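With compact mmCIF, C-alpha atoms inside, this is start09.txt:
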```
# COMPACT_ATOMS: atom_id res chain seq x y z
CA MET A 224 73.32 6.07 8.32
CA ILE A 225 73.99 2.68 9.95
CA GLN A 226 77.73 2.08 10.28
CA ASN A 227 77.95 -0.15 13.36
CA ILE A 228 75.68 -3.06 14.20
CA VAL A 229 75.72 -5.23 17.33
CA ILE A 230 74.07 -8.66 17.25
CA THR A 231 73.42 -10.10 20.72
CA HIS A 232 72.93 -13.62 22.10
CA GLY A 233 75.30 -15.49 19.81
CA TYR A 234 75.35 -19.12 20.89
CA SER A 235 77.29 -22.17 19.72
CA ASP A 236 78.09 -23.29 16.19
CA SER A 237 77.53 -26.80 17.55
CA ASN A 238 73.85 -25.87 17.60
CA LYS A 239 73.20 -25.92 13.86
CA GLY A 240 69.86 -24.17 14.29
CA ASP A 241 71.38 -21.26 16.14
CA LEU A 242 74.22 -21.21 13.61
CA ALA A 243 71.64 -21.00 10.80
CA ILE A 244 69.87 -18.07 12.49
CA THR A 245 73.11 -16.20 13.18
CA GLN A 246 74.58 -16.90 9.74
CA ALA A 247 71.40 -15.83 7.95
CA THR A 248 71.16 -12.69 10.10
CA VAL A 249 74.74 -11.65 9.42
CA GLU A 250 74.47 -12.34 5.68
CA ALA A 251 71.22 -10.36 5.41
CA LEU A 252 72.65 -7.39 7.33
CA VAL A 253 75.86 -7.40 5.25
CA LYS A 254 73.76 -7.32 2.09
CA ARG A 255 71.59 -4.49 3.45
CA PHE A 256 74.44 -2.47 5.01
CA PRO A 257 77.58 -3.45 3.09
CA SER A 258 79.82 -0.82 4.71
CA ALA A 259 78.72 -1.47 8.31
CA GLU A 260 80.95 -3.05 10.94
CA ILE A 261 79.22 -5.97 12.65
CA THR A 262 79.95 -7.24 16.16
CA LEU A 263 78.52 -10.53 17.43
CA MET A 264 78.16 -10.83 21.19
CA SER A 265 78.53 -14.37 22.45
CA THR A 266 76.71 -15.83 25.44
CA PHE A 267 79.96 -17.65 26.29
CA ARG A 268 82.83 -16.19 28.27
CA ILE A 269 85.96 -15.17 26.36
CA LYS A 270 88.05 -17.08 28.93
CA ASP A 271 86.14 -20.30 28.28
CA LYS A 272 88.57 -22.71 26.60
CA ASP A 273 85.83 -23.55 24.09
CA PHE A 274 84.96 -19.94 23.19
CA TRP A 275 86.45 -20.04 19.69
CA TYR A 276 85.28 -23.59 19.11
CA HIS A 277 81.72 -22.37 19.72
CA ASN A 278 82.40 -19.67 17.11
CA ARG A 279 84.47 -21.74 14.67
CA LYS A 280 82.06 -21.24 11.74
CA MET A 281 81.01 -17.64 12.45
CA LYS A 282 84.59 -16.37 12.70
CA GLU A 283 84.93 -17.13 8.97
CA ASN A 284 82.58 -14.19 8.27
CA GLY A 285 85.09 -11.44 9.00
CA ILE A 286 83.08 -9.93 11.87
CA ALA A 287 84.12 -9.08 15.43
CA ILE A 288 83.10 -11.67 18.04
CA ILE A 289 83.23 -10.65 21.70
CA GLN A 290 81.85 -11.71 25.06
CA GLY A 291 78.37 -10.32 25.57
CA VAL A 292 76.57 -8.75 28.51
CA MET A 293 76.10 -11.18 31.42
CA PRO A 294 77.44 -14.30 29.67
CA THR A 295 76.84 -17.78 31.03
CA PRO A 296 78.75 -18.07 34.30
CA TYR A 297 79.57 -21.71 33.64
CA MET A 298 82.87 -22.81 32.14
CA GLY A 299 82.72 -26.13 30.28
CA GLY A 300 79.99 -28.75 30.38
CA ASN A 301 80.40 -30.22 33.89
CA SER A 302 79.05 -28.88 37.16
CA SER A 303 79.55 -29.64 40.84
CA PHE A 304 78.95 -27.81 44.11
CA ILE A 305 82.33 -26.06 43.92
CA LEU A 306 81.94 -25.20 40.23
CA ASN A 307 78.46 -23.83 40.92
CA ILE A 308 79.87 -21.57 43.64
CA LEU A 309 82.57 -20.34 41.24
CA ALA A 310 79.87 -19.70 38.62
CA VAL A 311 77.91 -17.55 41.08
CA LEU A 312 81.05 -15.56 41.89
CA ARG A 313 81.78 -15.03 38.18
CA MET A 314 78.24 -13.81 37.59
CA PHE A 315 78.44 -11.42 40.55
CA LYS A 316 81.76 -10.08 39.26
CA ASP A 317 80.30 -9.58 35.76
CA TYR A 318 77.35 -7.67 37.21
CA LEU A 319 79.60 -5.37 39.25
CA GLN A 320 81.85 -4.69 36.25
CA LEU A 321 78.79 -3.99 34.11
CA GLN A 322 77.38 -1.49 36.61
CA ILE A 323 80.75 0.23 37.00
CA SER A 324 81.20 0.48 33.22
CA LEU A 325 77.74 2.00 32.83
CA ALA A 326 77.91 4.47 35.72
CA LEU A 327 81.60 5.34 35.79
CA PRO A 328 83.14 4.86 32.31
CA PHE A 329 86.59 6.11 33.39
CA ILE A 330 86.81 3.52 36.16
CA GLY A 331 85.22 0.97 33.84
CA ASN A 332 88.16 1.37 31.48
CA VAL A 333 90.37 0.07 34.29
CA LEU A 334 88.14 -2.36 36.20
CA GLY A 335 85.34 -3.16 33.77
CA GLY A 336 86.95 -6.15 32.07
CA GLU A 337 84.97 -7.78 29.25
CA SER A 338 81.79 -6.01 30.41
CA ASN A 339 83.43 -2.73 29.51
CA VAL A 340 84.32 -4.06 26.05
CA ALA A 341 80.64 -4.93 25.51
CA ILE A 342 79.52 -1.50 26.73
CA LYS A 343 81.88 0.22 24.29
CA ALA A 344 80.43 -1.87 21.44
CA PHE A 345 76.91 -0.79 22.42
CA LYS A 346 77.97 2.86 22.57
CA LYS A 347 79.31 2.69 19.00
CA ALA A 348 76.26 0.86 17.65
CA ASP A 349 73.71 2.51 15.40
CA LEU A 350 71.58 -0.62 15.59
CA VAL A 351 71.31 -3.44 18.15
CA VAL A 352 69.80 -6.67 16.83
CA ILE A 353 68.51 -9.19 19.35
CA LYS A 354 68.83 -12.16 17.03
CA GLY A 355 66.21 -14.82 16.61
CA GLY A 356 65.65 -18.10 18.37
CA GLN A 357 63.90 -18.88 21.63
CA PHE A 358 65.76 -17.77 24.69
CA ILE A 359 63.37 -15.23 26.22
CA TYR A 360 61.57 -17.71 28.49
CA ASN A 361 61.87 -19.65 31.74
CA ASP A 362 60.81 -23.25 32.35
CA LYS A 363 60.50 -23.00 36.12
CA GLU A 364 59.82 -20.31 38.68
CA ASP A 365 62.96 -21.15 40.61
CA LEU A 366 66.36 -19.53 41.20
CA ARG A 367 68.04 -21.02 38.12
CA GLY A 368 65.10 -20.25 35.82
CA ASN A 369 64.75 -16.67 37.05
CA ILE A 370 68.48 -15.96 36.83
CA PHE A 371 68.48 -17.27 33.26
CA LEU A 372 65.60 -14.97 32.33
CA TRP A 373 67.26 -11.98 34.03
CA ARG A 374 70.57 -12.62 32.26
CA THR A 375 68.84 -13.07 28.92
CA LEU A 376 66.94 -9.79 29.18
CA LYS A 377 69.87 -7.77 30.54
CA PRO A 378 71.31 -6.85 27.09
CA ILE A 379 67.97 -5.25 26.17
CA ARG A 380 68.00 -3.17 29.35
CA VAL A 381 71.61 -2.08 28.75
CA ALA A 382 70.99 -1.18 25.10
CA ALA A 383 67.93 0.85 26.10
CA LYS A 384 69.88 2.67 28.82
CA LEU A 385 72.47 3.62 26.20
CA GLN A 386 69.64 4.79 23.88
CA ASN A 387 70.36 2.29 21.13
CA LYS A 388 67.86 1.47 18.43
CA ILE A 389 66.79 -2.09 19.33
CA VAL A 390 65.23 -4.63 16.98
CA ILE A 391 64.28 -8.16 18.01
CA LEU A 392 64.61 -10.21 14.84
CA GLY A 393 62.75 -13.50 14.52
CA GLN A 394 62.10 -14.51 18.12
CA SER A 395 59.66 -16.83 19.83
CA ILE A 396 58.67 -15.33 23.18
CA GLY A 397 57.86 -17.68 26.08
CA GLY A 398 56.62 -19.81 27.54
CA PHE A 399 56.93 -18.49 31.05
CA ALA A 400 56.67 -20.36 34.31
CA SER A 401 54.42 -17.71 35.89
CA GLU A 402 52.54 -14.52 35.17
CA LYS A 403 55.17 -12.71 37.23
CA SER A 404 57.96 -13.83 34.91
CA GLU A 405 55.84 -13.03 31.86
CA LYS A 406 55.20 -9.47 33.03
CA TYR A 407 58.88 -9.03 33.86
CA ALA A 408 59.81 -10.00 30.30
CA MET A 409 57.18 -7.70 28.81
CA LYS A 410 58.62 -4.67 30.64
CA HIS A 411 61.89 -5.29 28.82
CA LEU A 412 60.28 -5.93 25.46
CA GLU A 413 58.48 -2.58 25.71
CA LEU A 414 61.93 -0.96 25.44
CA CYS A 415 62.48 -2.27 21.90
CA ASP A 416 61.84 -0.18 18.81
CA LYS A 417 60.63 -3.14 16.79
CA ILE A 418 59.84 -6.76 17.66
CA ILE A 419 59.61 -9.33 14.89
CA VAL A 420 58.29 -12.69 16.09
CA ARG A 421 58.31 -15.85 14.03
CA GLU A 422 54.90 -17.35 14.85
CA GLN A 423 51.33 -16.45 15.81
CA LEU A 424 51.32 -17.52 19.47
CA SER A 425 54.17 -15.16 20.35
CA TYR A 426 52.47 -12.39 18.37
CA ASP A 427 49.20 -12.91 20.26
CA LEU A 428 51.02 -12.91 23.61
CA LEU A 429 52.68 -9.56 22.91
CA ARG A 430 49.45 -8.04 21.63
CA SER A 431 47.68 -9.15 24.83
CA TYR A 432 50.09 -6.85 26.71
CA GLY A 433 49.34 -3.94 24.40
CA LEU A 434 52.60 -3.97 22.45
CA ASN A 435 52.07 -2.42 19.02
CA ASN A 436 55.59 -2.36 17.61
CA ILE A 437 55.41 -6.01 16.55
CA GLU A 438 55.29 -7.96 13.31
CA LYS A 439 55.04 -11.66 12.51
CA LYS A 440 57.60 -12.82 9.96
CA PRO A 441 59.43 -16.10 9.26
CA ASP A 442 62.40 -17.41 11.20
CA MET A 443 65.64 -15.98 9.77
CA ALA A 444 66.95 -19.50 9.11
CA PHE A 445 64.52 -19.79 6.19
CA ASN A 446 66.87 -17.42 4.39
CA ILE A 447 69.75 -19.93 4.35
CA ASN A 448 70.65 -21.38 0.94
CA SER A 449 71.95 -24.87 0.26
CA LYS A 450 75.66 -25.56 -0.23
CA PRO A 451 76.49 -28.84 -2.04
CA ILE A 452 78.38 -31.54 -0.17
CA ASN A 453 79.82 -34.89 -1.12
CA ASN A 454 77.45 -37.84 -0.96
CA PHE A 455 78.00 -39.04 2.60
CA PHE A 456 75.39 -41.82 2.62
CA ALA A 457 76.86 -45.29 2.32
CA LEU A 458 73.75 -46.92 0.88
CA ASP A 459 71.61 -46.37 -2.21
CA LYS A 460 68.27 -46.13 -0.40
CA GLU A 461 65.51 -43.71 0.48
CA PHE A 462 66.33 -42.09 3.80
CA LEU A 463 64.27 -41.18 6.86
CA GLY A 464 66.06 -38.30 8.57
CA ILE A 465 65.75 -38.11 12.37
CA THR A 466 66.75 -35.43 14.85
CA VAL A 467 66.28 -35.83 18.60
CA VAL A 468 66.58 -33.65 21.68
CA ASN A 469 68.09 -34.88 24.94
CA TRP A 470 65.29 -33.18 26.83
CA ALA A 471 64.98 -32.96 30.63
CA PHE A 472 61.14 -32.87 30.54
CA PRO A 473 61.00 -30.04 33.11
CA SER A 474 57.19 -29.90 33.32
CA SER A 475 56.71 -33.67 33.67
CA GLU A 476 55.84 -35.31 36.98
CA ASP A 477 58.08 -38.23 36.00
CA PRO A 478 60.82 -37.05 33.60
CA ASN A 479 62.40 -40.50 33.27
CA LYS A 480 59.09 -42.05 32.27
CA SER A 481 58.47 -39.25 29.77
CA MET A 482 61.90 -39.79 28.21
CA GLN A 483 61.28 -43.52 27.99
CA ASN A 484 57.94 -42.92 26.27
CA TYR A 485 59.58 -40.52 23.77
CA VAL A 486 62.31 -43.01 22.89
CA GLU A 487 60.04 -46.07 22.66
CA ASN A 488 57.44 -44.41 20.44
CA LEU A 489 60.06 -42.81 18.23
CA ILE A 490 61.61 -46.25 17.72
CA PHE A 491 58.15 -47.65 16.92
CA GLY A 492 57.71 -45.14 14.09
CA ILE A 493 61.24 -45.70 12.76
CA LYS A 494 60.80 -49.47 12.79
CA ARG A 495 57.47 -49.39 10.94
CA ALA A 496 58.84 -46.94 8.36
CA TYR A 497 61.80 -49.25 7.70
CA ILE A 498 59.76 -52.44 7.47
CA GLU A 499 56.80 -51.14 5.45
CA PHE A 500 58.39 -48.43 3.26
CA ASN A 501 62.08 -49.41 3.31
CA LEU A 502 63.00 -45.97 4.65
CA PHE A 503 66.54 -46.26 6.00
CA PRO A 504 66.95 -44.29 9.28
CA VAL A 505 69.68 -41.64 9.34
CA PHE A 506 70.30 -39.72 12.56
CA ILE A 507 71.40 -36.12 12.04
CA PRO A 508 72.94 -34.49 15.14
CA GLN A 509 71.50 -30.99 15.03
CA VAL A 510 72.82 -29.93 18.43
CA THR A 511 76.05 -31.40 19.82
CA VAL A 512 76.93 -28.68 22.34
CA LYS A 513 76.59 -30.16 25.83
CA HIS A 514 74.04 -28.72 28.27
CA HIS A 515 75.28 -29.54 31.79
CA GLY A 516 77.12 -32.58 30.42
CA LYS A 517 74.36 -33.84 28.10
CA SER A 518 74.28 -33.84 24.30
CA ASP A 519 71.76 -34.98 21.71
CA LEU A 520 74.45 -37.39 20.53
CA ASP A 521 74.17 -39.22 23.85
CA LEU A 522 70.49 -39.92 23.18
CA ILE A 523 71.16 -40.85 19.55
CA ARG A 524 73.60 -43.53 20.72
CA ILE A 525 70.97 -44.98 23.06
CA ILE A 526 68.35 -45.13 20.29
CA VAL A 527 70.80 -46.62 17.77
CA LYS A 528 71.69 -49.36 20.26
CA LYS A 529 68.01 -50.18 20.77
CA LEU A 530 67.48 -50.30 16.99
CA ASP A 531 70.45 -52.65 16.64
CA GLU A 532 68.84 -54.95 19.19
CA ILE A 533 65.76 -55.32 16.95
CA ASN A 534 67.85 -55.64 13.76
CA ILE A 535 67.02 -52.20 12.34
CA PRO A 536 70.17 -50.75 10.71
CA SER A 537 70.86 -47.03 10.82
CA GLN A 538 73.51 -44.41 10.13
CA THR A 539 74.59 -41.33 12.10
CA ILE A 540 76.07 -38.26 10.43
CA THR A 541 79.43 -37.36 11.99
CA GLU A 542 80.68 -34.49 9.80
CA ASP A 543 80.79 -30.94 11.22
CA TYR A 544 78.73 -29.14 8.58
CA ASN A 545 77.80 -25.47 8.50
CA ALA A 546 74.17 -24.34 8.16
CA ALA A 547 74.16 -24.19 4.34
CA GLU A 548 75.66 -27.68 4.14
CA MET A 549 73.03 -28.96 6.58
CA VAL A 550 70.36 -27.95 4.05
CA SER A 551 72.08 -30.27 1.59
CA VAL A 552 72.05 -33.06 4.18
CA TYR A 553 68.29 -32.72 4.69
CA SER A 554 67.71 -32.58 0.93
CA LYS A 555 68.89 -36.19 0.71
CA CYS A 556 66.11 -37.39 3.04
CA LYS A 557 62.68 -38.38 1.74
CA LEU A 558 61.19 -37.01 4.95
CA LEU A 559 62.33 -35.86 8.38
CA ILE A 560 61.11 -36.68 11.87
CA GLY A 561 62.45 -33.57 13.57
CA THR A 562 62.41 -32.81 17.26
CA ARG A 563 64.87 -29.95 16.86
CA LEU A 564 62.94 -27.03 15.34
CA HIS A 565 65.72 -25.84 13.07
CA SER A 566 66.21 -29.26 11.62
CA CYS A 567 62.60 -28.86 10.48
CA ILE A 568 63.33 -25.39 9.09
CA LEU A 569 66.47 -26.44 7.23
CA ALA A 570 64.63 -29.50 5.89
CA ALA A 571 61.86 -27.21 4.66
CA VAL A 572 64.44 -25.01 2.89
CA ALA A 573 65.55 -28.22 1.17
CA GLY A 574 61.95 -29.03 0.21
CA THR A 575 61.89 -32.11 2.44
CA PRO A 576 58.53 -32.96 4.10
CA ILE A 577 58.56 -32.86 7.90
CA ILE A 578 56.95 -34.49 10.89
CA ALA A 579 57.75 -32.28 13.88
CA ILE A 580 57.88 -33.16 17.57
CA LYS A 581 57.41 -30.07 19.74
CA TYR A 582 59.12 -29.86 23.11
CA GLN A 583 59.27 -26.23 24.27
CA GLY A 584 56.99 -23.22 24.05
CA TYR A 585 55.21 -22.07 20.90
CA LYS A 586 57.95 -22.28 18.33
CA THR A 587 57.43 -25.64 16.63
CA GLN A 588 53.67 -25.49 16.25
CA GLY A 589 53.84 -21.91 15.01
CA VAL A 590 56.49 -22.55 12.38
CA MET A 591 54.77 -25.70 11.11
CA GLU A 592 51.51 -23.77 10.76
CA MET A 593 53.33 -21.13 8.72
CA LEU A 594 54.40 -23.98 6.43
CA GLU A 595 50.74 -25.12 6.33
CA ASN A 596 51.79 -28.44 7.83
CA GLY A 597 50.47 -27.91 11.35
CA LYS A 598 48.72 -31.29 11.39
CA TYR A 599 52.11 -33.02 11.32
CA VAL A 600 53.09 -31.93 14.84
CA HIS A 601 53.39 -34.22 17.86
CA ASN A 602 54.09 -33.48 21.52
CA ILE A 603 57.26 -34.92 23.05
CA TYR A 604 55.47 -35.36 26.38
CA ASP A 605 52.90 -37.80 25.01
CA LEU A 606 54.28 -39.09 21.71
CA ILE A 607 52.24 -41.97 20.30
CA GLY A 608 54.10 -44.25 17.90
CA GLN A 609 51.05 -45.33 15.91
CA GLU A 610 50.06 -41.72 15.24
CA LEU A 611 53.64 -40.94 14.24
CA PHE A 612 53.64 -43.80 11.76
CA SER A 613 50.25 -42.71 10.42
CA HIS A 614 51.83 -39.39 9.44
CA ILE A 615 54.83 -41.18 7.91
CA ARG A 616 52.42 -43.19 5.78
CA ASP A 617 50.44 -40.10 4.80
CA ILE A 618 53.53 -38.17 3.70
CA ASN A 619 54.98 -41.17 1.88
CA GLY A 620 51.75 -41.47 -0.13
CA ASN A 621 51.46 -37.74 -0.91
CA HIS A 622 55.13 -36.87 -1.11
CA LYS A 623 55.25 -34.74 -4.26
CA LYS A 624 52.21 -32.64 -3.35
CA ILE A 625 53.54 -31.93 0.15
CA ARG A 626 57.06 -31.23 -1.11
CA ASP A 627 55.82 -28.80 -3.78
CA GLY A 628 53.71 -26.96 -1.22
CA ILE A 629 56.67 -26.56 1.13
CA ILE A 630 58.88 -25.17 -1.63
CA ILE A 631 56.24 -22.57 -2.55
CA LYS A 632 55.86 -21.49 1.10
CA VAL A 633 59.63 -21.24 1.71
CA ASN A 634 60.13 -19.09 -1.39
CA SER A 635 57.41 -16.76 -0.11
CA MET A 636 59.07 -16.64 3.32
CA LYS A 637 62.40 -15.65 1.80
CA LYS A 638 60.69 -12.66 0.16
CA ASP A 639 59.13 -11.68 3.51
CA ILE A 640 62.53 -11.80 5.22
CA GLU A 641 64.05 -9.60 2.54
CA LYS A 642 61.31 -7.02 3.13
CA VAL A 643 61.97 -7.07 6.86
CA ILE A 644 65.69 -6.46 6.45
CA ASN A 645 65.11 -3.69 3.89
CA SER A 646 62.81 -1.95 6.38
CA LEU A 647 65.50 -1.63 9.06
```
Please express the file's structure as structure tokens.
Amino acid sequence: MIQNIVITHGYSDSNKGDLAITQATVEALVKRFPSAEITLMSTFRIKDKDFWYHNRKMKENGIAIIQGVMPTPYMGGNSSFILNILAVLRMFKDYLQLQISLALPFIGNVLGGESNVAIKAFKKADLVVIKGGQFIYNDKEDLRGNIFLWRTLKPIRVAAKLQNKIVILGQSIGGFASEKSEKYAMKHLELCDKIIVREQLSYDLLRSYGLNNIEKKPDMAFNINSKPINNFFALDKEFLGITVVNWAFPSSEDPNKSMQNYVENLIFGIKRAYIEFNLFPVFIPQVTVKHHGKSDLDLIRIIVKKLDEINIPSQTITEDYNAAEMVSVYSKCKLLIGTRLHSCILAAVAGTPIIAIKYQGYKTQGVMEMLENGKYVHNIYDLIGQELFSHIRDINGNHKKIRDGIIIKVNSMKKDIEKVINSL
């Protein structure tokens, strides 16, 4: 009988995709186990001044929200040499408190701090859910990348040590910067009772390492339903929704040039769509949490300014919607150019056709193939404006057929997700 459930790796409600995954996961588990107590472990530190802001939507669900195992050592969005040193010290302290709480529970009760609180939650849990998304990866084989991977995998190791039942629910796994990092991750994944990945490439990767406890099922965010909102658009037009990512282009030889190419070719497609099809561009900030001082909103402002310079009007959504309300936002768009994966997923839930721009790992291509729209995927590293516009033209001319196909696929995915949750 499952009475206590721990969900790990809760992120920020300012990342609407992560919010959609977490919200859908909690709602599905509440429906399946109505009497169970649910605890969400955040990747942020409880002492971070923004901790409850990051959880402002999830705290409305009546669940416990605590600091997780090995949270991010950074406090706030800025970094400097001194702040980096303090972050290292915080991480070292967390690790010591974690080890004390595991090995010496009595002393952990006194010295274990928030790590001890997390350990107690694991000990009570009948089920540990490693929620979906893509955070089991590393971009570079360097100190920062390897520490991130180690921290991310640590909750799995702790849960296994405490003999919890562990289910990974709706993940993309990888990519990895080296075979060494990949093998390190696989040793942790072998500890899980069940791994549910959300696309074929992750499934194939795990099978290549001989893992048999795996299934391929849709991203949990497909299980979000729409919540009506007031009509926020100022104009009576057909809208082209756009989401961007303020990406660092870690695998590019010239990141600045790659960013410039992304922006210029995205603007090319937006401009042609406006001139030839009268599609009014609306920017939808999918992720506003700052990563080392940068936000997608910063890039949106740059693109809007460049559009203004060529007399292309636009609008940017400013309201702080929850995941269900975001579905309603995307439903008002004729189509979406989505760089953020979960903007594509929430648009699909709304029945809105999508052109996706992939930027990290397997997730975007895999999800678009599940929607049978894999041909409408571009690569952020070599985006070509003319090809982007060609897909805009294709979708505009076949809109109803594409929309109907997406709706059929999403309804099927919702049934698959229900089966997965019922099997837990």
- Task: Just give me the gap between CA of Phe500 in chain A and CA of His601 in chain A in Å, one decimal is fine.
- Result: 21.0 Å
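The gap separating CA of Gly368 in chain A from CA of Phe399 in chain A is 9.6 Å, in Å to one decimal.
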- Message: As an exercise, work out the distance from CA of Gln394 in chain A to CA of Ile342 in chain A in Å and give it to one decimal place.
- Response: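 About the pair CA of Gln394 in chain A and CA of Ile342 in chain A: they are 23.4 Å apart.
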- If we count all atoms listed in the file, what is near Asn436 in chain A at a cut-off of 8 Å, once residues fewer than 4 positions away on the same chain are taken out, given as a PyMOL selection string? chain A and resi 416-418
Exercise: Ile644 in chain A partners within 9 Å, only C-alpha atoms, chain neighbours under 5 positions left out, as a PDB file with C-alpha atoms, in the coordinates of the input:
```
ATOM      1  CA  ALA A 251      71.220 -10.360   5.410  1.00  0.00           C
ATOM      2  CA  LEU A 252      72.650  -7.390   7.330  1.00  0.00           C
ATOM      3  CA  ARG A 255      71.590  -4.490   3.450  1.00  0.00           C
ATOM      4  CA  ASP A 639      59.130 -11.680   3.510  1.00  0.00           C
TER       5      ASP A 639
END
```
Produce a table with one row for each residue of range 584-620 of chain A that has an atom at most 9 Å from any atom of range 486-497 of chain A, each row naming the nearest atom pair and its distance in Å at one decimal; use only C-alpha atoms; arrange rows by chain and rising residue number; format as CSV.
```
residue,atom,partner,partner_atom,distance
A:Leu606,CA,A:Asn488,CA,6.3
A:Ile607,CA,A:Asn488,CA,5.7
A:Gly608,CA,A:Asn488,CA,4.2
A:Gln609,CA,A:Gly492,CA,6.9
A:Glu610,CA,A:Gly492,CA,8.5
A:Leu611,CA,A:Gly492,CA,5.9
A:Phe612,CA,A:Gly492,CA,4.9
A:Ser613,CA,A:Gly492,CA,8.7
A:Ile615,CA,A:Ala496,CA,7.0
A:Arg616,CA,A:Ala496,CA,7.9
```
The selected residues should be written to file as a PDB file, keeping the file's coordinate frame (atoms: C-alpha atoms).
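Here's the written file out-v1.pdb:
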```pdb
ATOM      1  CA  LEU A 606      54.280 -39.090  21.710  1.00  0.00           C
ATOM      2  CA  ILE A 607      52.240 -41.970  20.300  1.00  0.00           C
ATOM      3  CA  GLY A 608      54.100 -44.250  17.900  1.00  0.00           C
ATOM      4  CA  GLN A 609      51.050 -45.330  15.910  1.00  0.00           C
ATOM      5  CA  GLU A 610      50.060 -41.720  15.240  1.00  0.00           C
ATOM      6  CA  LEU A 611      53.640 -40.940  14.240  1.00  0.00           C
ATOM      7  CA  PHE A 612      53.640 -43.800  11.760  1.00  0.00           C
ATOM      8  CA  SER A 613      50.250 -42.710  10.420  1.00  0.00           C
ATOM      9  CA  ILE A 615      54.830 -41.180   7.910  1.00  0.00           C
ATOM     10  CA  ARG A 616      52.420 -43.190   5.780  1.00  0.00           C
TER      11      ARG A 616
END
```
- Message: When you count only C-alpha atoms, which of these residues is closest to Asn238 in chain A: A:Ile560, A:Leu376, A:Val510, A:Val600?
- Response: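 Distance minimum relative to Asn238 in chain A lands on A:Val510.
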- For Val311 in chain A, the nearest of the candidates A:Arg268, A:Ile370, A:Ser566, A:Gly356, counting only C-alpha atoms: A:Ile370
- Message: I'd like to know which of A:Ile535, A:Ile540, A:Leu463, A:Ala247 is closest to Leu569 in chain A, using only C-alpha atoms.
- Response: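 Going through A:Ile535, A:Ile540, A:Leu463, A:Ala247 one by one, the smallest distance to Leu569 in chain A is for A:Ala247.
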- Find, counting only C-alpha atoms, the residue in A:Pro576, A:Pro296, A:Gly335, A:Gly291 that gets nearest to Ile629 in chain A.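 With only C-alpha atoms as the atom set, the closest residue is A:Pro576.
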- Message: From (55.1, -18.3, 7.8), in the file's coordinates, out to 6 Å: which residues are reached, counting only C-alpha atoms? Answer as a PyMOL selection string.
- Response: chain A and resi 441+593-594
Generate the output file for the selected residues, C-alpha atoms, as a PDB file, in the coordinates of the input.
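After the write, part-v7.pdb holds the following:
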```pdb
ATOM      1  CA  PRO A 441      59.430 -16.100   9.260  1.00  0.00           C
ATOM      2  CA  MET A 593      53.330 -21.130   8.720  1.00  0.00           C
ATOM      3  CA  LEU A 594      54.400 -23.980   6.430  1.00  0.00           C
TER       4      LEU A 594
END
```
Range 403-503 of chain A residues near range 580-591 of chain A within 9 Å, closest pair each, using all atoms listed in the file, as a tab-separated table:
```
residue	atom	partner	partner_atom	distance
A:Arg421	CA	A:Val590	CA	7.1
A:Glu422	CA	A:Gly589	CA	4.7
A:Gln423	CA	A:Gly589	CA	6.1
A:Leu424	CA	A:Tyr585	CA	6.2
A:Ser425	CA	A:Tyr585	CA	7.0
A:Pro441	CA	A:Val590	CA	7.7
A:Asp442	CA	A:Val590	CA	7.9
A:Val467	CA	A:Ile580	CA	8.9
A:Val468	CA	A:Tyr582	CA	8.5
A:Trp470	CA	A:Tyr582	CA	7.9
A:Phe472	CA	A:Tyr582	CA	8.3
```
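Distances here use all atoms listed in the file; by that measure, the residue among A:Gly240, A:Ala546, A:Ile603, A:Glu438 closest to Lys480 in chain A is A:Ile603.
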- Message: Need to verify the contact set: Lys440 in chain A, 9 Å, all atoms listed in the file, exclusion of same-chain residues closer than 4 positions in sequence. Can you return it as a PyMOL selection string?
- Response: chain A and resi 392-393+419-422+636+639-640+643
- Message: Env of Ile396 in chain A: 7 Å cut, atoms = only C-alpha atoms, seq-sep filter 3 positions within chain, self excluded. Answer as a PyMOL selection string.
- Response: chain A and resi 357+359-360+425
- Item | Residue with smallest distance to Lys316 in chain A - pool A:Ile330, A:Leu530, A:Met293, A:Met298, counting only C-alpha atoms | A:Met293
Edge lengths and centre, in Å to one decimal, as lines of an AutoDock Vina configuration file: that's what I need for the box along x, y and z that holds all listed atoms of range 556-563 of chain A plus 4 Å on each side.
```
center_x = 63.6
center_y = -34.2
center_z = 9.5
size_x = 13.0
size_y = 16.4
size_z = 23.5
```
- Around (78.6, -29.8, 6.8) in the file's frame, which residues reach within 12 Å when counting all atoms listed in the file? Return as a PyMOL selection string? chain A and resi 236-237+239+242-243+280+449-455+507-509+540-553
- Near-Met224 in chain A list (12 Å; only C-alpha atoms; drop same-chain fewer than 4 positions) as a list in words: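 Once the adjacent positions are removed, what remains is Ile228, Arg255, Phe256, Pro257, Ser258, Ala259, Ala348, Asp349, Leu350 and Leu647 of chain A.
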Where atoms are lacking, range 343-347 of chain A completed to N, CA and C atoms, as a PDB file, in the coordinates of the input:
```pdb
ATOM      1  N   LYS A 343      81.311  -0.619  25.357  1.00  0.00           N
ATOM      2  CA  LYS A 343      81.880   0.220  24.290  1.00  0.00           C
ATOM      3  C   LYS A 343      81.280  -0.145  22.931  1.00  0.00           C
ATOM      4  N   ALA A 344      81.045  -1.439  22.706  1.00  0.00           N
ATOM      5  CA  ALA A 344      80.430  -1.870  21.440  1.00  0.00           C
ATOM      6  C   ALA A 344      79.011  -1.322  21.318  1.00  0.00           C
ATOM      7  N   PHE A 345      78.260  -1.356  22.428  1.00  0.00           N
ATOM      8  CA  PHE A 345      76.910  -0.790  22.420  1.00  0.00           C
ATOM      9  C   PHE A 345      76.954   0.712  22.131  1.00  0.00           C
ATOM     10  N   LYS A 346      77.900   1.411  22.738  1.00  0.00           N
ATOM     11  CA  LYS A 346      77.970   2.860  22.570  1.00  0.00           C
ATOM     12  C   LYS A 346      78.259   3.254  21.119  1.00  0.00           C
ATOM     13  N   LYS A 347      79.007   2.419  20.408  1.00  0.00           N
ATOM     14  CA  LYS A 347      79.310   2.690  19.000  1.00  0.00           C
ATOM     15  C   LYS A 347      78.158   2.331  18.069  1.00  0.00           C
TER      16      LYS A 347
END
```
